[in-house]
Amino acid sequence: MAERINQHKNPIIGTNIVRLRKERNLKAIDVIAKLQLKGIYVTTGIFSKIEHGRNNPSVEIIIALTEIFECDFNEFFKCS
């Protein structure tokens, strides 16, 4: 079972995923396609829930997103 990062009480990770995605002018579907190319199965519904804090991203997804966004892990935990 994949380790998950719990964001139910504080959806900061999802908020930062949206921020990073928009800063790079990517649509959610673009990020989902890149994740799937890396062998990570994620649907638009699951990704939307992650961005809105209703689903917890796996560590595997966070690692892949650091590669896709070309950023450091700390970017996902920044407070605005």
# chains A, B, ... in the order shown; residues from 1 in each chain; ligands from 1

$ residues_around --residues "Val18 (chain A)" --least-positions-apart "2" --cutoff "12 Å" --atoms "only C-alpha atoms" --output "ChimeraX atom specification"
/A:11-16,20-28,31,47-53,65,69,75-76

$ select_by_dssp --residues "chain A" --states "helix (DSSP H, G or I)" --output "JSON, numbers by chain"
{"A": [12, 13, 14, 15, 16, 17, 18, 19, 20, 21, 22, 23, 28, 29, 30, 31, 32, 33, 34, 35, 36, 37, 44, 45, 46, 47, 48, 49, 50, 51, 59, 60, 61, 62, 63, 64, 65, 66, 67, 68, 69, 73, 74, 75, 76, 77]}

$ residues_around --residues "region 36-44 of chain A" --least-positions-apart "5" --cutoff "8 Å" --atoms "only C-alpha atoms" --output "ChimeraX atom specification"
/A:28-29,60-61,64

$ write_last_selection --atoms "N, CA and C atoms" --output "compact mmCIF listing (two decimals), in the first residue's frame"
# COMPACT_ATOMS: atom_id res chain seq x y z
N ALA A 28 -4.92 20.69 -15.68
CA ALA A 28 -4.92 19.47 -14.87
C ALA A 28 -4.75 18.24 -15.76
N ILE A 29 -5.40 18.23 -16.90
CA ILE A 29 -5.33 17.07 -17.81
C ILE A 29 -3.89 16.86 -18.31
N GLU A 60 4.35 8.63 -3.95
CA GLU A 60 4.72 8.39 -5.35
C GLU A 60 4.24 9.55 -6.24
N ILE A 61 3.04 10.03 -6.01
CA ILE A 61 2.52 11.16 -6.79
C ILE A 61 3.32 12.42 -6.50
N ALA A 64 6.63 12.28 -8.29
CA ALA A 64 6.44 12.51 -9.73
C ALA A 64 6.14 13.98 -10.01

$ decode --residues "chain A" --atoms "C-alpha atoms" --output "compact mmCIF listing (two decimals), in the first residue's frame"
# COMPACT_ATOMS: atom_id res chain seq x y z
CA MET A 1 0.00 0.00 0.00
CA ALA A 2 1.35 3.42 -0.94
CA GLU A 3 2.13 5.86 1.83
CA ARG A 4 -0.24 8.84 1.82
CA ILE A 5 0.16 12.40 2.98
CA ASN A 6 -2.91 13.41 5.00
CA GLN A 7 -4.31 16.80 4.05
CA HIS A 8 -7.90 16.49 5.25
CA LYS A 9 -7.50 19.03 8.05
CA ASN A 10 -5.21 21.33 6.08
CA PRO A 11 -5.34 21.09 2.26
CA ILE A 12 -2.09 23.03 1.81
CA ILE A 13 -0.62 20.38 -0.50
CA GLY A 14 -3.58 20.55 -2.89
CA THR A 15 -3.51 24.34 -2.86
CA ASN A 16 0.19 24.29 -3.70
CA ILE A 17 -0.29 21.73 -6.47
CA VAL A 18 -2.82 24.09 -8.08
CA ARG A 19 -0.44 27.03 -7.64
CA LEU A 20 2.51 25.19 -9.16
CA ARG A 21 0.40 23.88 -12.03
CA LYS A 22 -0.92 27.34 -12.87
CA GLU A 23 2.53 28.96 -12.56
CA ARG A 24 3.68 26.54 -15.25
CA ASN A 25 0.61 27.18 -17.43
CA LEU A 26 -0.46 23.55 -17.26
CA LYS A 27 -4.00 22.25 -17.28
CA ALA A 28 -4.92 19.47 -14.87
CA ILE A 29 -5.33 17.07 -17.81
CA ASP A 30 -1.72 17.83 -18.87
CA VAL A 31 -0.42 16.93 -15.42
CA ILE A 32 -2.56 13.78 -15.33
CA ALA A 33 -1.17 12.69 -18.71
CA LYS A 34 2.40 13.25 -17.49
CA LEU A 35 1.68 11.23 -14.34
CA GLN A 36 0.25 8.40 -16.41
CA LEU A 37 3.34 8.43 -18.66
CA LYS A 38 5.34 7.87 -15.47
CA GLY A 39 3.19 4.80 -14.73
CA ILE A 40 1.03 6.46 -12.09
CA TYR A 41 -2.64 5.75 -12.69
CA VAL A 42 -4.71 8.75 -11.69
CA THR A 43 -8.06 9.88 -13.05
CA THR A 44 -9.29 13.43 -13.47
CA GLY A 45 -11.62 12.86 -10.52
CA ILE A 46 -8.85 11.65 -8.22
CA PHE A 47 -6.55 14.49 -9.25
CA SER A 48 -9.32 17.04 -8.70
CA LYS A 49 -9.93 15.62 -5.21
CA ILE A 50 -6.20 15.88 -4.43
CA GLU A 51 -6.13 19.51 -5.57
CA HIS A 52 -9.18 20.33 -3.44
CA GLY A 53 -7.90 18.50 -0.34
CA ARG A 54 -10.54 15.78 -0.40
CA ASN A 55 -8.09 13.01 -1.31
CA ASN A 56 -4.58 12.43 -0.04
CA PRO A 57 -1.75 12.20 -2.57
CA SER A 58 0.58 9.24 -2.36
CA VAL A 59 4.27 9.84 -1.84
CA GLU A 60 4.72 8.39 -5.35
CA ILE A 61 2.52 11.16 -6.79
CA ILE A 62 4.38 13.87 -4.87
CA ILE A 63 7.73 12.56 -6.14
CA ALA A 64 6.44 12.51 -9.73
CA LEU A 65 5.03 16.03 -9.36
CA THR A 66 8.41 17.36 -8.22
CA GLU A 67 9.80 16.06 -11.52
CA ILE A 68 6.89 17.38 -13.60
CA PHE A 69 6.94 20.82 -11.97
CA GLU A 70 10.75 20.81 -11.66
CA CYS A 71 10.55 21.89 -8.04
CA ASP A 72 11.66 20.92 -4.57
CA PHE A 73 9.44 18.92 -2.18
CA ASN A 74 9.22 21.98 0.07
CA GLU A 75 7.08 23.74 -2.55
CA PHE A 76 4.16 21.47 -1.63
CA PHE A 77 4.28 22.49 2.03
CA LYS A 78 4.57 26.29 1.71
CA CYS A 79 2.05 28.41 3.54
CA SER A 80 0.68 31.31 1.55
